[in-house]
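Report on one structure; see the data block that follows.
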Amino acid sequence: MSEKDTTHFGYKEVDKNAKAGMVADVFHSVASRYDLMNDLMSAGIHRIWKRFTIELSGVRKGNAVLDIAGGTGDLAAKFSRIVGPEGRVVLADINDSMLQVGRDKLLDTGHQGNIEFVQADAQFLPFPDESFDCLTIAFGLRNVTEKDLALRSMLRVLKPGGRLLVLEFSKPQSELLSKAYDTYSFRVLPFMGKLVANDSESYQYLAESIRVHPDQETLKGMMEDAGFNTVEFHNMTGGVVALHKGIKA
């Protein structure tokens, strides 16, 4: 295979056409324990990261919001309350197992009426141009095969003045933190995955996928190249996670 026909799946080089199915297998495996593992892996800090994302989104009553790779619906639930009955929230995920878990969770907790559930690929979003005031993708961009293609698709469906927020694992800003994070990621996470979800390989992939994801400045440049303006990022937890924000002119 030529280089242009391959992409990263963790540290492995795989055929681009095979990656989506391999990522799907990972999330089929972890879907039922996804919330529990998120709380354990981050000691609950992921809730603070997501709260900051919502605060920076500027979403208000009556807005239309698209949450891509929405998983089990943490962001969608909060956006649903903010936009109210006049607004619209779409929880989209390419993985039907994750989407089903998210749908069941939101309906069981009384979130209905202004939430839609759509199985969708971030690279080819099935929505009309200029449909949304805000678009979020939390811990999902690193799993997308063609990130540039996905960013352009996101730009297309945003209204002028609309905001994209990308919450993703990134590069720690200190060498000491980076070493500690590597030890945790490659020793603790797979063990925890085996113990709680009976799946160490998926969490080994998680650790590897973070390491090959673009760093803060690189992702900022990718968003600008896709057409976003006023792109900025905010490091959290020492750069373990970064929140990027871009505006559609």
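Labeling convention for the structure tokens: chains A, B, ... as they appear, residues from 1 per chain, ligands from 1 in order of appearance.
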Mind checking which residues fall within 12 Å of Gly102 of chain A, counting only C-alpha atoms, ignoring those fewer than 3 positions away in the same chain, and posting them as an NGL selection string? :A and (31-35 or 67 or 69-77 or 90-93 or 95-99 or 105-109 or 111 or 115-119)
If you run DSSP on the backbone, which residues of segment 72-209 of chain A are strand (DSSP E), as a PyMOL selection string? chain A and resi 88-93+115-119+132-138+158-169
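Compared by their closest atoms to Lys19 of chain A, and using only C-alpha atoms, the residues A:Arg142, A:His46, A:Arg88, A:Arg51 rank with A:Arg142 nearest.
Of the listed residues (A:Thr183, A:Gln112, A:Ser170, A:Ser178), A:Ser170 comes nearest to Ile210 of chain A; the distances count only C-alpha atoms.
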Run DSSP on the backbone of this structure and report the residues of segment 3-247 of chain A it assigns to alpha helix (DSSP H), as a PyMOL selection string. chain A and resi 16-30+34-42+46-57+74-83+96-108+147-157+175-183+189-197+200-211+216-226
Determine, counting only C-alpha atoms, which protein, DNA and RNA residues have an atom within 12 Å of an atom of Asn17 of chain A; residues of the same chain fewer than 3 positions away are not included. Present the result as a list in words. Met1, Lys4, Asp5, Thr6, Thr7, His8, Phe9, Glu13, Val14, Ala20, Gly21, Met22, Val23, Val144, Thr145 and Glu146 of chain A
Selection above as a file: N, CA, C and O atoms, as a PDB file, in the first residue's frame:
```
ATOM      1  N   MET A   1       0.844  -1.200   0.000  1.00  0.00           N
ATOM      2  CA  MET A   1       0.000   0.000   0.000  1.00  0.00           C
ATOM      3  C   MET A   1       0.874   1.243   0.000  1.00  0.00           C
ATOM      4  O   MET A   1       1.883   1.302   0.687  1.00  0.00           O
ATOM      5  N   LYS A   4      -0.385   7.175   0.897  1.00  0.00           N
ATOM      6  CA  LYS A   4      -1.649   7.896   0.836  1.00  0.00           C
ATOM      7  C   LYS A   4      -2.855   6.984   1.048  1.00  0.00           C
ATOM      8  O   LYS A   4      -3.956   7.454   1.297  1.00  0.00           O
ATOM      9  N   ASP A   5      -2.635   5.669   0.920  1.00  0.00           N
ATOM     10  CA  ASP A   5      -3.731   4.720   1.109  1.00  0.00           C
ATOM     11  C   ASP A   5      -3.809   4.186   2.528  1.00  0.00           C
ATOM     12  O   ASP A   5      -4.656   3.356   2.838  1.00  0.00           O
ATOM     13  N   THR A   6      -2.926   4.664   3.409  1.00  0.00           N
ATOM     14  CA  THR A   6      -2.906   4.156   4.776  1.00  0.00           C
ATOM     15  C   THR A   6      -3.156   5.279   5.771  1.00  0.00           C
ATOM     16  O   THR A   6      -3.051   6.459   5.453  1.00  0.00           O
ATOM     17  N   THR A   7      -3.482   4.873   6.983  1.00  0.00           N
ATOM     18  CA  THR A   7      -3.695   5.836   8.061  1.00  0.00           C
ATOM     19  C   THR A   7      -3.358   5.163   9.375  1.00  0.00           C
ATOM     20  O   THR A   7      -3.076   3.955   9.427  1.00  0.00           O
ATOM     21  N   HIS A   8      -3.389   5.928  10.454  1.00  0.00           N
ATOM     22  CA  HIS A   8      -3.087   5.382  11.768  1.00  0.00           C
ATOM     23  C   HIS A   8      -4.303   4.686  12.365  1.00  0.00           C
ATOM     24  O   HIS A   8      -5.410   5.184  12.302  1.00  0.00           O
ATOM     25  N   PHE A   9      -4.070   3.538  12.956  1.00  0.00           N
ATOM     26  CA  PHE A   9      -5.010   2.935  13.898  1.00  0.00           C
ATOM     27  C   PHE A   9      -4.183   2.659  15.142  1.00  0.00           C
ATOM     28  O   PHE A   9      -3.539   1.630  15.270  1.00  0.00           O
ATOM     29  N   GLU A  13      -0.165   1.069  11.070  1.00  0.00           N
ATOM     30  CA  GLU A  13      -0.542   1.636   9.785  1.00  0.00           C
ATOM     31  C   GLU A  13      -1.509   0.659   9.122  1.00  0.00           C
ATOM     32  O   GLU A  13      -1.183  -0.511   8.930  1.00  0.00           O
ATOM     33  N   VAL A  14      -2.699   1.143   8.801  1.00  0.00           N
ATOM     34  CA  VAL A  14      -3.716   0.270   8.214  1.00  0.00           C
ATOM     35  C   VAL A  14      -4.290   0.920   6.961  1.00  0.00           C
ATOM     36  O   VAL A  14      -4.152   2.135   6.748  1.00  0.00           O
ATOM     37  N   ALA A  20     -12.372   2.566   9.680  1.00  0.00           N
ATOM     38  CA  ALA A  20     -13.697   2.810  10.251  1.00  0.00           C
ATOM     39  C   ALA A  20     -14.256   1.551  10.900  1.00  0.00           C
ATOM     40  O   ALA A  20     -14.833   1.600  11.996  1.00  0.00           O
ATOM     41  N   GLY A  21     -14.083   0.421  10.255  1.00  0.00           N
ATOM     42  CA  GLY A  21     -14.578  -0.831  10.811  1.00  0.00           C
ATOM     43  C   GLY A  21     -13.826  -1.242  12.065  1.00  0.00           C
ATOM     44  O   GLY A  21     -14.413  -1.775  13.009  1.00  0.00           O
ATOM     45  N   MET A  22     -12.516  -0.957  12.092  1.00  0.00           N
ATOM     46  CA  MET A  22     -11.716  -1.295  13.263  1.00  0.00           C
ATOM     47  C   MET A  22     -12.101  -0.418  14.458  1.00  0.00           C
ATOM     48  O   MET A  22     -12.208  -0.898  15.591  1.00  0.00           O
ATOM     49  N   VAL A  23     -12.316   0.878  14.202  1.00  0.00           N
ATOM     50  CA  VAL A  23     -12.764   1.771  15.268  1.00  0.00           C
ATOM     51  C   VAL A  23     -14.158   1.354  15.749  1.00  0.00           C
ATOM     52  O   VAL A  23     -14.451   1.368  16.951  1.00  0.00           O
ATOM     53  N   VAL A 144     -11.472   9.727  13.620  1.00  0.00           N
ATOM     54  CA  VAL A 144     -11.916   9.970  12.246  1.00  0.00           C
ATOM     55  C   VAL A 144     -10.754   9.719  11.281  1.00  0.00           C
ATOM     56  O   VAL A 144      -9.631  10.168  11.520  1.00  0.00           O
ATOM     57  N   THR A 145     -11.039   9.031  10.196  1.00  0.00           N
ATOM     58  CA  THR A 145      -9.979   8.678   9.248  1.00  0.00           C
ATOM     59  C   THR A 145      -9.418   9.915   8.553  1.00  0.00           C
ATOM     60  O   THR A 145      -8.208  10.158   8.556  1.00  0.00           O
ATOM     61  N   GLU A 146     -10.298  10.726   7.936  1.00  0.00           N
ATOM     62  CA  GLU A 146      -9.881  11.924   7.199  1.00  0.00           C
ATOM     63  C   GLU A 146     -10.340  13.151   7.985  1.00  0.00           C
ATOM     64  O   GLU A 146     -11.446  13.672   7.782  1.00  0.00           O
TER      65      GLU A 146
END
```
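A straight line drawn from atom CA of Asp121 of chain A to atom CA of Phe27 of chain A is 14.3 Å long.
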What is the distance, in Å and to one decimal place, between atom CA of Phe186 of chain A and atom CA of Leu219 of chain A? 23.7 Å
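Between atom CA of Glu201 of chain A and atom CA of Arg103 of chain A there is a distance of 26.1 Å.
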Counting only C-alpha atoms, which residues in segment 33-139 of chain A sit no more than 9 Å from segment 236-245 of chain A? For each one, give the nearest pair of atoms and the distance in Å, sorted by chain then residue number, as JSON lines.
```
{"residue": "A:Ile45", "atom": "CA", "partner": "A:Thr237", "partner_atom": "CA", "distance": 8.9}
{"residue": "A:Trp49", "atom": "CA", "partner": "A:Met236", "partner_atom": "CA", "distance": 7.4}
{"residue": "A:Phe52", "atom": "CA", "partner": "A:Leu243", "partner_atom": "CA", "distance": 8.7}
{"residue": "A:Thr53", "atom": "CA", "partner": "A:Leu243", "partner_atom": "CA", "distance": 7.1}
{"residue": "A:Leu56", "atom": "CA", "partner": "A:Lys245", "partner_atom": "CA", "distance": 8.3}
{"residue": "A:Ser57", "atom": "CA", "partner": "A:Lys245", "partner_atom": "CA", "distance": 8.3}
{"residue": "A:Ala138", "atom": "CA", "partner": "A:Leu243", "partner_atom": "CA", "distance": 8.9}
```
Those same residues, written as a short mmCIF file (atom, residue, chain, number, x, y, z; two decimals), in the first residue's frame with N, CA and C atoms?
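After the write, result-v1.cif holds the following:
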```cif
data_model
loop_
_atom_site.label_atom_id
_atom_site.label_comp_id
_atom_site.auth_asym_id
_atom_site.auth_seq_id
_atom_site.Cartn_x
_atom_site.Cartn_y
_atom_site.Cartn_z
N ILE A 45 -13.02 13.88 36.13
CA ILE A 45 -12.64 15.21 35.62
C ILE A 45 -13.23 15.48 34.25
N TRP A 49 -14.27 19.11 32.07
CA TRP A 49 -13.89 19.44 30.70
C TRP A 49 -15.13 19.71 29.84
N PHE A 52 -16.87 23.06 30.74
CA PHE A 52 -16.18 24.21 30.14
C PHE A 52 -16.52 24.33 28.66
N THR A 53 -16.64 23.20 27.98
CA THR A 53 -17.03 23.19 26.57
C THR A 53 -18.40 23.85 26.39
N LEU A 56 -18.18 27.63 26.92
CA LEU A 56 -17.53 28.35 25.83
C LEU A 56 -18.35 28.32 24.54
N SER A 57 -19.34 27.43 24.47
CA SER A 57 -20.11 27.26 23.24
C SER A 57 -20.99 28.45 22.91
N ALA A 138 -16.61 15.75 21.02
CA ALA A 138 -15.83 15.51 22.23
C ALA A 138 -15.22 14.11 22.18
#
```
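If you measure from each of A:Glu208, A:Glu86, A:Asp25, A:Glu168 to Asn235 of chain A using only C-alpha atoms, the closest one turns out to be A:Glu168.
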Arg163 of chain A environment, 9 Å, only C-alpha atoms, sequence neighbours closer than 4 positions dropped, as a ChimeraX atom specification: /A:57-58,132-136,155,158-159,228,245-248
